[in-house]
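See below for work.cif, which holds mmCIF, C-alpha atoms.
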data_start
#
loop_
_atom_site.label_atom_id
_atom_site.label_comp_id
_atom_site.auth_asym_id
_atom_site.auth_seq_id
_atom_site.Cartn_x
_atom_site.Cartn_y
_atom_site.Cartn_z
CA MET A 10 231.31 262.91 88.44
CA ARG A 11 227.87 263.56 87.02
CA PHE A 12 225.18 261.39 88.59
CA SER A 13 223.49 260.94 85.21
CA GLN A 14 226.65 259.33 83.84
CA LEU A 15 227.28 256.95 86.74
CA PHE A 16 227.24 253.31 85.75
CA SER A 17 225.54 252.29 89.00
CA LYS A 18 222.27 253.42 90.56
CA THR A 19 220.76 253.55 94.01
CA SER A 20 217.93 251.20 94.97
CA LYS A 21 215.11 251.41 97.50
CA SER A 22 215.77 247.96 98.92
CA VAL A 23 218.11 244.98 98.65
CA SER A 24 217.73 241.21 98.95
CA LYS A 25 216.47 239.95 102.30
CA GLU A 26 219.46 237.58 102.26
CA THR A 27 221.80 240.57 102.70
CA GLU A 28 222.47 240.20 106.42
CA SER A 29 225.16 242.71 107.27
CA ILE A 30 224.68 246.45 107.60
CA ASN A 31 227.66 247.23 105.36
CA ALA A 32 226.57 244.93 102.52
CA ARG A 33 223.00 246.21 102.67
CA LEU A 34 223.83 249.93 102.66
CA LEU A 35 226.70 249.74 100.19
CA THR A 36 224.57 247.71 97.78
CA GLN A 37 221.57 249.99 98.17
CA ALA A 38 223.72 253.09 97.61
CA GLY A 39 225.28 251.60 94.47
CA PHE A 40 228.82 251.20 95.84
CA ILE A 41 229.18 247.41 95.50
CA TYR A 42 227.59 244.44 93.74
CA GLN A 43 227.65 240.91 95.13
CA GLU A 44 228.81 238.39 92.54
CA MET A 45 228.50 235.52 95.03
CA ALA A 46 228.90 234.99 98.75
CA GLY A 47 232.06 236.76 99.89
CA VAL A 48 232.89 238.19 96.45
CA TYR A 49 232.03 241.77 95.46
CA ALA A 50 232.48 244.13 92.53
CA PHE A 51 233.38 247.69 93.49
CA LEU A 52 231.25 250.07 91.45
CA PRO A 53 232.43 253.64 90.63
CA LEU A 54 231.52 255.24 93.98
CA GLY A 55 232.75 252.23 95.93
CA TRP A 56 235.99 252.06 93.98
CA ARG A 57 236.59 255.73 94.74
CA VAL A 58 236.33 254.98 98.48
CA ILE A 59 238.76 252.07 98.08
CA GLN A 60 241.19 254.35 96.24
CA ARG A 61 241.05 256.97 98.98
CA ILE A 62 241.66 254.38 101.71
CA GLU A 63 244.53 252.96 99.66
CA ALA A 64 246.01 256.45 99.22
CA ILE A 65 246.15 257.02 102.98
CA VAL A 66 247.65 253.59 103.63
CA ARG A 67 250.15 254.01 100.79
CA GLU A 68 251.28 257.46 101.96
CA GLU A 69 252.09 256.14 105.44
CA MET A 70 253.67 252.90 104.18
CA ASP A 71 255.91 254.78 101.74
CA LYS A 72 257.47 256.54 104.74
CA ILE A 73 258.76 253.24 106.12
CA SER A 74 258.89 250.80 103.19
CA THR A 75 258.90 250.25 99.41
CA GLU A 76 255.95 249.11 97.30
CA LEU A 77 255.95 246.21 94.84
CA LEU A 78 253.39 243.73 93.53
CA LEU A 79 253.61 239.98 94.06
CA PRO A 80 251.60 237.38 92.09
CA SER A 81 248.17 236.21 93.18
CA LEU A 82 248.95 232.69 91.95
CA SER A 83 251.79 230.55 93.28
CA PRO A 84 252.94 226.93 92.85
CA ALA A 85 251.84 224.52 95.55
CA GLU A 86 255.50 223.71 96.21
CA ARG A 87 255.94 227.10 97.86
CA TRP A 88 253.37 226.14 100.47
CA ARG A 89 254.61 222.60 100.91
CA ALA A 90 258.08 223.98 101.65
CA THR A 91 256.69 225.73 104.74
CA ASP A 92 254.46 222.79 105.69
CA ARG A 93 251.37 225.00 105.32
CA HIS A 94 249.82 223.43 102.23
CA ASP A 95 247.89 220.77 104.15
CA HIS A 96 247.17 222.74 107.33
CA ILE A 97 245.70 226.17 106.48
CA ASP A 98 241.94 225.75 106.53
CA VAL A 99 241.27 228.79 104.30
CA LEU A 100 243.78 227.89 101.57
CA MET A 101 242.26 227.90 98.08
CA GLY A 102 243.56 226.38 94.85
CA THR A 103 242.78 226.60 91.17
CA HIS A 104 243.10 224.23 88.22
CA ALA A 105 241.91 223.77 84.65
CA ALA A 106 238.10 224.05 84.61
CA ASN A 107 237.22 221.73 81.71
CA PRO A 108 238.69 218.99 79.48
CA THR A 109 239.70 221.48 76.79
CA ALA A 110 241.63 223.55 79.32
CA GLU A 111 243.18 220.42 80.83
CA ALA A 112 244.39 219.35 77.41
CA SER A 113 246.02 222.74 76.99
CA HIS A 114 247.70 222.91 80.40
CA ASN A 115 246.83 220.62 83.30
CA ALA A 116 248.29 222.30 86.37
CA SER A 117 247.11 223.38 89.81
CA TYR A 118 248.03 226.55 91.68
CA ILE A 119 247.43 228.24 95.02
CA LEU A 120 245.38 231.44 95.23
CA ASN A 121 247.46 233.29 97.81
CA PRO A 122 245.74 234.24 101.08
CA THR A 123 248.98 235.87 102.32
CA HIS A 124 252.54 236.07 100.96
CA GLU A 125 255.14 235.02 103.54
CA ASP A 126 255.79 231.86 101.50
CA ILE A 127 256.42 233.89 98.34
CA ALA A 128 258.08 236.98 99.83
CA THR A 129 260.79 235.04 101.69
CA PRO A 130 262.32 233.25 98.66
CA LEU A 131 262.20 236.53 96.74
CA ALA A 132 264.06 238.39 99.49
CA LYS A 133 266.56 235.53 99.72
CA LEU A 134 267.36 235.97 96.02
CA TYR A 135 268.51 239.58 96.42
CA ARG A 136 269.58 240.23 100.03
CA THR A 137 272.06 237.95 101.81
CA SER A 138 274.80 240.20 103.25
CA TYR A 139 274.39 241.79 106.67
CA LYS A 140 274.95 245.11 104.86
CA ASP A 141 271.64 244.58 103.01
CA PHE A 142 269.60 244.62 106.22
CA PRO A 143 267.19 245.73 107.50
CA PHE A 144 264.77 246.13 104.60
CA SER A 145 261.09 245.70 103.87
CA PHE A 146 258.56 245.82 101.07
CA TYR A 147 254.77 245.97 100.85
CA GLN A 148 251.96 245.54 98.38
CA ILE A 149 248.25 246.27 98.00
CA GLN A 150 246.56 243.36 96.29
CA SER A 151 243.60 240.98 96.17
CA LYS A 152 243.77 237.94 98.44
CA PHE A 153 241.69 234.74 98.47
CA ARG A 154 240.47 232.71 101.43
CA ASN A 155 238.07 229.80 101.69
CA GLU A 156 235.91 231.38 104.38
CA ALA A 157 233.34 228.96 105.75
CA ARG A 158 230.80 231.69 106.52
CA ALA A 159 231.16 234.66 104.22
CA LYS A 160 228.02 236.46 105.39
CA SER A 161 229.41 239.68 106.83
CA GLY A 162 229.70 241.70 103.63
CA LEU A 163 233.13 243.27 103.27
CA LEU A 164 234.09 242.26 106.81
CA ARG A 165 234.74 238.65 105.84
CA GLY A 166 235.21 237.95 102.14
CA ARG A 167 236.52 235.11 100.02
CA GLU A 168 238.19 237.67 97.78
CA PHE A 169 239.35 240.91 99.38
CA ILE A 170 241.89 243.72 99.04
CA MET A 171 244.74 243.75 101.53
CA LYS A 172 247.93 245.67 102.26
CA ASP A 173 250.68 243.32 103.42
CA LEU A 174 254.20 244.33 104.38
CA TYR A 175 257.17 242.06 105.15
CA SER A 176 260.31 243.13 107.01
CA PHE A 177 263.69 241.36 107.22
CA HIS A 178 266.37 241.77 109.90
CA VAL A 179 269.65 240.35 111.20
CA SER A 180 268.54 240.36 114.83
CA GLU A 181 265.50 240.24 117.07
CA GLU A 182 266.40 243.71 118.32
CA SER A 183 266.24 245.12 114.79
CA LEU A 184 262.88 243.39 114.22
CA ARG A 185 261.48 244.85 117.44
CA GLU A 186 262.62 248.34 116.46
CA PHE A 187 260.84 248.16 113.11
CA TYR A 188 257.83 246.53 114.77
CA GLU A 189 257.38 249.67 116.87
CA VAL A 190 257.77 251.87 113.78
CA ALA A 191 255.03 249.84 112.07
CA LYS A 192 252.76 250.21 115.12
CA ALA A 193 253.15 253.98 115.03
CA SER A 194 252.46 254.05 111.31
CA TYR A 195 249.25 252.07 111.80
CA VAL A 196 248.09 254.49 114.49
CA LYS A 197 248.53 257.37 112.02
CA ILE A 198 246.54 255.50 109.38
CA TYR A 199 243.55 254.89 111.66
CA ASP A 200 243.64 258.49 112.85
CA ARG A 201 243.52 259.72 109.26
CA LEU A 202 240.67 257.34 108.44
CA GLY A 203 238.60 258.78 111.29
CA LEU A 204 238.77 255.57 113.36
CA GLY A 205 241.64 256.45 115.69
CA GLU A 206 239.65 257.33 118.80
CA ASP A 207 237.88 253.94 118.85
CA THR A 208 240.72 251.74 117.55
CA PHE A 209 242.84 249.87 120.11
CA LEU A 210 246.15 248.07 119.85
CA THR A 211 245.10 244.57 120.91
CA LEU A 212 247.21 241.69 122.12
CA ALA A 213 246.20 238.48 120.31
CA SER A 214 247.29 234.95 119.52
CA GLY A 215 250.11 234.46 117.04
CA GLY A 216 248.00 231.88 115.20
CA ASP A 217 249.78 230.06 112.40
CA PHE A 218 252.53 232.67 112.25
CA THR A 219 254.24 232.70 115.63
CA ASP A 220 254.23 231.14 119.10
CA ASP A 221 254.58 234.65 120.50
CA TYR A 222 251.72 237.10 120.93
CA SER A 223 250.80 239.17 117.90
CA HIS A 224 249.04 242.51 117.81
CA GLU A 225 245.73 243.39 116.19
CA PHE A 226 244.17 246.77 115.73
CA GLN A 227 240.54 246.45 116.80
CA THR A 228 237.85 249.08 116.19
CA LEU A 229 234.93 249.22 118.62
CA LEU A 230 231.78 248.18 116.77
CA ASP A 231 228.44 246.98 118.12
CA SER A 232 228.20 244.41 115.33
CA GLY A 233 231.85 243.37 115.69
CA GLU A 234 232.62 239.67 115.59
CA ASP A 235 235.38 239.81 118.23
CA THR A 236 235.23 240.31 121.98
CA ILE A 237 238.06 242.34 123.46
CA TYR A 238 238.91 243.60 126.94
CA ILE A 239 240.09 247.19 126.88
CA ASP A 240 242.17 249.35 129.17
CA ARG A 241 241.12 252.86 128.13
CA VAL A 242 243.75 254.54 130.29
CA GLY A 243 246.59 252.52 128.78
CA LYS A 244 244.96 252.56 125.34
CA ILE A 245 245.51 248.82 124.93
CA ALA A 246 243.23 245.82 124.67
CA TYR A 247 243.31 242.04 124.83
CA ASN A 248 241.50 239.66 122.49
CA LYS A 249 239.26 237.22 124.34
CA GLU A 250 241.40 234.36 122.98
CA VAL A 251 244.33 235.45 125.20
CA THR A 252 242.40 236.02 128.42
CA THR A 253 243.08 232.65 130.00
CA GLU A 254 244.43 232.24 133.52
CA MET A 255 247.84 231.40 132.06
CA ASP A 256 247.81 234.59 129.96
CA ALA A 257 246.76 236.64 133.00
CA GLN A 258 249.79 235.37 134.93
CA ARG A 259 252.14 235.80 131.99
CA LEU A 260 250.99 239.34 131.24
CA GLY A 261 250.28 240.45 134.80
CA VAL A 262 246.78 241.61 133.88
CA ASP A 263 243.50 241.27 135.79
CA PHE A 264 241.10 240.80 132.87
CA GLY A 265 238.12 240.91 135.20
CA SER A 266 238.81 244.58 135.89
CA LEU A 267 238.76 245.55 132.20
CA GLU A 268 235.86 246.67 130.00
CA GLN A 269 234.44 243.95 127.75
CA VAL A 270 233.29 245.23 124.33
CA SER A 271 232.54 244.09 120.79
CA ALA A 272 235.04 245.05 118.10
CA THR A 273 236.26 244.10 114.67
CA GLU A 274 239.83 243.69 113.45
CA VAL A 275 241.13 246.33 111.03
CA GLY A 276 244.80 245.33 110.96
CA ASN A 277 247.41 243.01 112.44
CA ILE A 278 251.16 242.75 112.90
CA PHE A 279 253.11 239.56 113.58
CA PRO A 280 256.68 239.08 114.86
CA LEU A 281 257.46 236.05 112.69
CA GLY A 282 260.86 235.55 114.22
CA THR A 283 262.90 232.99 112.28
CA LYS A 284 260.02 230.61 111.47
CA PHE A 285 260.01 231.12 107.71
CA SER A 286 263.76 231.66 107.36
CA LYS A 287 264.36 228.28 109.02
CA LEU A 288 261.89 226.50 106.76
CA LEU A 289 263.16 228.21 103.61
CA ASP A 290 266.85 228.29 104.53
CA TYR A 291 267.16 232.06 104.47
CA HIS A 292 270.45 233.07 106.06
CA PHE A 293 272.53 236.22 105.96
CA THR A 294 276.32 236.37 106.03
CA GLY A 295 277.57 238.45 108.95
CA GLU A 296 280.56 240.77 109.24
CA ASP A 297 282.55 237.82 110.63
CA ASN A 298 281.51 235.66 107.63
CA GLN A 299 279.34 233.56 109.92
CA ARG A 300 275.83 232.69 108.73
CA GLY A 301 272.72 233.66 110.70
CA LEU A 302 269.01 233.17 110.29
CA VAL A 303 267.03 236.16 109.09
CA TRP A 304 264.42 237.59 111.44
CA MET A 305 261.07 238.56 109.89
CA GLY A 306 257.86 240.45 110.56
CA SER A 307 254.50 240.53 108.78
CA TYR A 308 252.07 243.47 108.81
CA GLY A 309 248.57 243.46 107.29
CA ILE A 310 245.67 245.88 106.78
CA GLY A 311 242.39 244.87 105.14
CA ILE A 312 241.62 247.68 102.68
CA SER A 313 238.18 246.48 101.60
CA ARG A 314 237.43 245.38 105.16
CA LEU A 315 238.09 248.95 106.31
CA MET A 316 235.43 250.16 103.88
CA GLY A 317 232.93 247.82 105.55
CA VAL A 318 234.01 248.83 109.06
CA ILE A 319 233.74 252.55 108.30
CA THR A 320 230.28 251.93 106.84
CA GLU A 321 229.01 250.20 109.98
CA LYS A 322 230.81 252.56 112.35
CA PHE A 323 229.29 255.78 111.06
CA ALA A 324 226.06 254.94 109.19
CA ASP A 325 222.75 256.25 110.51
CA ASP A 326 219.09 255.52 109.76
CA ARG A 327 219.26 257.54 106.53
CA GLY A 328 222.28 255.84 105.02
CA LEU A 329 226.04 256.07 104.76
CA VAL A 330 228.09 258.73 106.57
CA TRP A 331 231.64 258.94 105.20
CA PRO A 332 234.54 260.64 106.98
CA ALA A 333 235.83 263.37 104.66
CA ALA A 334 239.16 261.60 104.08
CA VAL A 335 237.59 258.56 102.40
CA ALA A 336 234.29 259.85 100.96
CA PRO A 337 233.79 259.20 97.22
CA ALA A 338 233.58 262.98 96.75
CA ASP A 339 234.05 266.11 98.85
CA VAL A 340 230.65 267.61 98.06
CA HIS A 341 227.33 266.39 96.68
CA LEU A 342 225.99 269.10 94.34
CA VAL A 343 222.21 269.08 93.79
CA VAL A 344 220.37 271.20 91.24
CA LEU A 345 216.62 271.83 91.67
CA GLY A 346 214.12 273.79 89.64
CA ASP A 347 212.86 274.29 86.12
CA LYS A 348 214.64 277.51 85.16
CA ALA A 349 217.45 277.36 82.60
CA ALA A 350 219.40 279.89 84.64
CA THR A 351 219.40 277.55 87.63
CA ARG A 352 220.85 274.68 85.61
CA GLU A 353 223.43 276.99 84.07
CA ALA A 354 224.49 278.25 87.51
CA ALA A 355 224.86 274.68 88.82
CA ASP A 356 226.82 273.60 85.73
CA ARG A 357 229.13 276.57 86.12
CA LEU A 358 229.63 275.86 89.81
CA TYR A 359 230.45 272.23 89.04
CA ASP A 360 233.13 273.30 86.56
CA GLU A 361 234.58 275.90 88.94
CA LEU A 362 234.84 273.44 91.84
CA SER A 363 236.38 270.73 89.67
CA LYS A 364 239.01 273.12 88.28
CA ALA A 365 239.84 274.95 91.53
CA ASP A 366 243.49 275.21 92.62
CA ARG A 367 242.69 272.92 95.53
CA ARG A 368 240.65 270.56 93.38
CA ILE A 369 237.34 269.68 94.96
CA GLU A 370 235.81 266.32 94.08
CA VAL A 371 232.13 266.74 93.23
CA LEU A 372 229.27 264.31 92.72
CA TYR A 373 226.82 266.41 90.68
CA ASP A 374 223.21 265.21 90.75
CA ASP A 375 222.12 266.57 87.39
CA ARG A 376 219.26 264.09 86.94
CA ASP A 377 215.73 265.11 86.01
CA VAL A 378 214.07 263.57 89.08
CA PRO A 379 212.07 265.04 92.01
CA ALA A 380 213.81 266.91 94.81
CA GLY A 381 212.81 264.26 97.34
CA VAL A 382 214.59 261.57 95.34
CA LYS A 383 217.77 263.65 95.11
CA PHE A 384 217.85 264.46 98.82
CA THR A 385 217.11 260.85 99.80
CA ASP A 386 219.90 259.61 97.55
CA ALA A 387 222.27 262.26 98.92
CA ASP A 388 221.63 261.01 102.47
CA LEU A 389 221.99 257.38 101.37
CA ILE A 390 225.31 257.99 99.58
CA GLY A 391 226.67 259.89 102.58
CA ILE A 392 229.08 262.48 101.14
CA PRO A 393 230.08 264.92 103.93
CA LEU A 394 228.68 268.11 102.37
CA ARG A 395 225.57 268.76 100.27
CA LEU A 396 225.40 271.89 98.11
CA THR A 397 222.01 272.78 96.65
CA VAL A 398 221.40 275.26 93.85
CA SER A 399 217.71 275.97 93.20
CA ASP A 400 215.38 278.54 91.69
CA LYS A 401 214.83 279.86 95.24
CA THR A 402 218.51 280.09 96.27
CA LEU A 403 219.35 281.92 93.04
CA GLU A 404 216.96 284.69 94.03
CA ASN A 405 219.74 285.65 96.49
CA ASP A 406 222.55 284.59 94.15
CA SER A 407 223.53 281.85 96.61
CA ALA A 408 223.49 278.12 97.31
CA GLU A 409 222.51 276.05 100.34
CA LEU A 410 225.35 274.25 102.13
CA LYS A 411 224.56 271.47 104.62
CA GLY A 412 226.66 268.84 106.39
CA ARG A 413 225.52 265.22 106.09
CA THR A 414 224.75 264.95 109.82
CA ALA A 415 223.97 268.63 110.42
CA THR A 416 220.51 270.00 111.21
CA GLU A 417 221.27 273.58 110.17
CA VAL A 418 221.83 274.88 106.64
CA ASP A 419 224.08 277.74 105.57
CA MET A 420 223.37 280.08 102.65
CA VAL A 421 226.63 280.84 100.84
CA PRO A 422 226.99 283.42 98.03
CA LEU A 423 227.90 281.69 94.75
CA GLY A 424 231.05 283.77 94.42
CA GLN A 425 232.36 282.50 97.79
CA ILE A 426 231.64 278.79 97.41
CA VAL A 427 234.96 277.70 95.87
CA GLU A 428 236.96 279.48 98.59
CA ARG A 429 234.63 278.20 101.31
CA LEU A 430 234.87 274.57 100.21
CA SER A 431 238.61 274.83 99.62
CA ASN A 432 238.98 275.97 103.24
CA GLU A 433 236.78 273.07 104.39
CA ARG A 434 239.38 270.69 102.93
CA ILE A 435 242.41 272.25 104.67
#

Re-express the file's structure as structure tokens.
Amino acid sequence: MRFSQLFSKTSKSVSKETESINARLLTQAGFIYQEMAGVYAFLPLGWRVIQRIEAIVREEMDKISTELLLPSLSPAERWRATDRHDHIDVLMGTHAANPTAEASHNASYILNPTHEDIATPLAKLYRTSYKDFPFSFYQIQSKFRNEARAKSGLLRGREFIMKDLYSFHVSEESLREFYEVAKASYVKIYDRLGLGEDTFLTLASGGDFTDDYSHEFQTLLDSGEDTIYIDRVGKIAYNKEVTTEMDAQRLGVDFGSLEQVSATEVGNIFPLGTKFSKLLDYHFTGEDNQRGLVWMGSYGIGISRLMGVITEKFADDRGLVWPAAVAPADVHLVVLGDKAATREAADRLYDELSKADRRIEVLYDDRDVPAGVKFTDADLIGIPLRLTVSDKTLENDSAELKGRTATEVDMVPLGQIVERLSNERI
């Protein structure tokens, strides 16, 4: 990517109404644009981060499941069948917006906040024999929720990108086995995202989904909206909502002895049991020709929410600091100086890096602006490595390599840069 060709631009400041750290920095750095409260456009750099997060999630999900894509719209009857239409406080609907549209087609639909109500009838259509189980499928898709207070940037949106997986089983034992597989897969995802050390499996309420406990994955964050109690030795935590005296007795845990911290949810998994199969009459036929209710699980990860969490987790007073795995590029190339030879060397380096065997993603700041502006923008955008080619560095036929949070710089001969950066990626 050449900076001069980017659709978006950085800005020195953002609206005073932008409360959250992630919304402020991502807007200022030109990653997102707020269309309205809780609704954001992902600009080229921001979309690249989303794609990299999705790629990690997809790679791990493909090891345990199969991807598909379900509709964002659904008929209200789907939600009435599960008795959720009139009880979910974040449920949103849509209908014809004007008389002309009404005359054309006067119908109302639900904008899906989750897909249990749609996934279950679909599974029922294709899988009914015990031989068909267990199975699962997942999707990565936009969701819609009528959030009362959408003022936390990407952490709490009215439209957001989510990965949701649904599993189907002939027994509780089979569900529990897959549940543990999903847990392990989530741990790998957070490790790869750079959040693993500070992300805890957290016991939480089952909410609308189940009477049993569910599990969240909570990342420690000073600005987090949740309070959790963590056991660092056991690497497990408890959401404040399940720290009642009754829960303490049921779980055999002394919550008073645990560390209380702020955190934010980055994923959740629910043992749905037979709730939805009962409501939607989803049975399987067993080996003995007897019918049994299907057991289900639901597993979610907020993709766009993760982008906001990573922003707030790692940002410093100069701007964004992206882990290498999700950064919009691997290296931020800056060219400084007035000599034609300097520009030619930087252009050549950009081409070499982009075409290397181990392709290196480059954001090339080729603009005709002062050095201070380029360095300030590089810090704000937060790509892990900055590579500077200038009139001065070319005197030694080299370039200056510096990590985003490093204090020292390294002079690397131009002929060694591709190999050096390729090794950085291994």

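You can rank A:Tyr373, A:Phe264, A:Phe177, A:Trp331 by their closest distance to Gly282 (chain A) using only C-alpha atoms, and at the top of that list sits A:Phe177.
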
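We find CA of Gly47 (chain A) and CA of Ser271 (chain A) to be spaced 22.2 Å apart.
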
(message) For the provided coordinates, the residues matched by the PyMOL selection byres ((chain A and resi 285-292) around 7) should be stated as an MDAnalysis selection string.
(response) chainID A and resid 90:91 133 137 283:284 293:294 300:303

(request) Write out as an MDAnalysis selection string each polymer residue whose atoms come within 8 Å of Tyr359 (chain A), counting all atoms listed in the file; drop sequence neighbours fewer than 2 positions from it. (result) chainID A and resid 342 355:357 361:363 371 373

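Using all atoms listed in the file, the nearest neighbour of Glu189 (chain A) within the list A:Ala333, A:Ala132, A:Ile278, A:Leu229 is A:Ile278.
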
Test item: residues at most 12 Å from Lys197 (chain A), all atoms listed in the file, excluding those fewer than 6 positions along its chain, as a compact mmCIF listing (two decimals) with C-alpha atoms, in the frame of the given file:
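Writing the result to result30.txt gives the following:
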# COMPACT_ATOMS: atom_id res chain seq x y z
CA ILE A 65 246.15 257.02 102.98
CA VAL A 66 247.65 253.59 103.63
CA ARG A 67 250.15 254.01 100.79
CA GLU A 68 251.28 257.46 101.96
CA GLU A 69 252.09 256.14 105.44
CA MET A 70 253.67 252.90 104.18
CA LYS A 72 257.47 256.54 104.74
CA VAL A 190 257.77 251.87 113.78
CA ALA A 191 255.03 249.84 112.07
CA GLY A 203 238.60 258.78 111.29
CA LEU A 204 238.77 255.57 113.36
CA GLY A 205 241.64 256.45 115.69
CA GLU A 206 239.65 257.33 118.80
CA THR A 208 240.72 251.74 117.55

(message) So that I can see what lies close to Ser214 (chain A), please list as a ChimeraX atom specification the residues with an atom at most 12 Å from it, counting all atoms listed in the file and leaving out residues fewer than 3 positions away in the same chain.
(response) /A:211,217-225,247-253,256,277-280

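Coordinates place CA of Ile312 (chain A) at a distance of 26.3 Å from CA of Arg367 (chain A).
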
Using only C-alpha atoms, I'd like a table of the residues in region 55-165 of chain A that come within 12 Å of region 381-394 of chain A; for each, show the closest atom pair and its distance in Å rounded to one decimal, ordered by chain and ascending number, as a tab-separated table.
residue	atom	partner	partner_atom	distance
A:Gly55	CA	A:Ile390	CA	10.1
A:Arg57	CA	A:Ile392	CA	12.0
A:Val58	CA	A:Ile392	CA	10.8

(message) Would you pick out the contacts of Trp88 (chain A) at 10 Å or less, using all atoms listed in the file, so that residues sharing its chain but fewer than 3 positions from it are not included, and give the list as an NGL selection string?
(response) :A and (83-85 or 91-97 or 100 or 119 or 121 or 124-127)

(message) Applying the PyMOL selection byres ((chain A and resi 152) around 12) to the file I just gave you, which residues come out? Please list them as a PyMOL selection string.
(response) chain A and resi 47-48+79-82+99-101+119-124+148-151+153-156+165-173+309-314

(message) Can you spell out as a PyMOL selection string the set of residues that the PyMOL selection byres ((chain A and resi 175) around 7) selects in the structure I just provided?
(response) chain A and resi 145-147+173-174+176-177+306-308

Print the selection's residues with C-alpha atoms to a file, as a CSV table (one decimal), in the frame of the given file.
chain,number,residue,atom,x,y,z
A,145,SER,CA,261.1,245.7,103.9
A,146,PHE,CA,258.6,245.8,101.1
A,147,TYR,CA,254.8,246.0,100.8
A,173,ASP,CA,250.7,243.3,103.4
A,174,LEU,CA,254.2,244.3,104.4
A,176,SER,CA,260.3,243.1,107.0
A,177,PHE,CA,263.7,241.4,107.2
A,306,GLY,CA,257.9,240.4,110.6
A,307,SER,CA,254.5,240.5,108.8
A,308,TYR,CA,252.1,243.5,108.8

(request) Do a neighbour search on Lys348 (chain A) at 9 Å with all atoms listed in the file, toss out local chain neighbours closer than 5 positions, and write the hits as a PyMOL selection string. (result) chain A and resi 353+399-400

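Ranking A:Tyr139, A:Tyr118, A:Tyr238, A:Phe187 by their shortest atom-to-atom distance to Asp297 (chain A), with all atoms listed in the file included, puts A:Tyr139 first.
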
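Nearest to Thr402 (chain A) of all the residues A:Thr109, A:Thr320, A:Thr236, A:Thr351 is A:Thr351, based on all atoms listed in the file.
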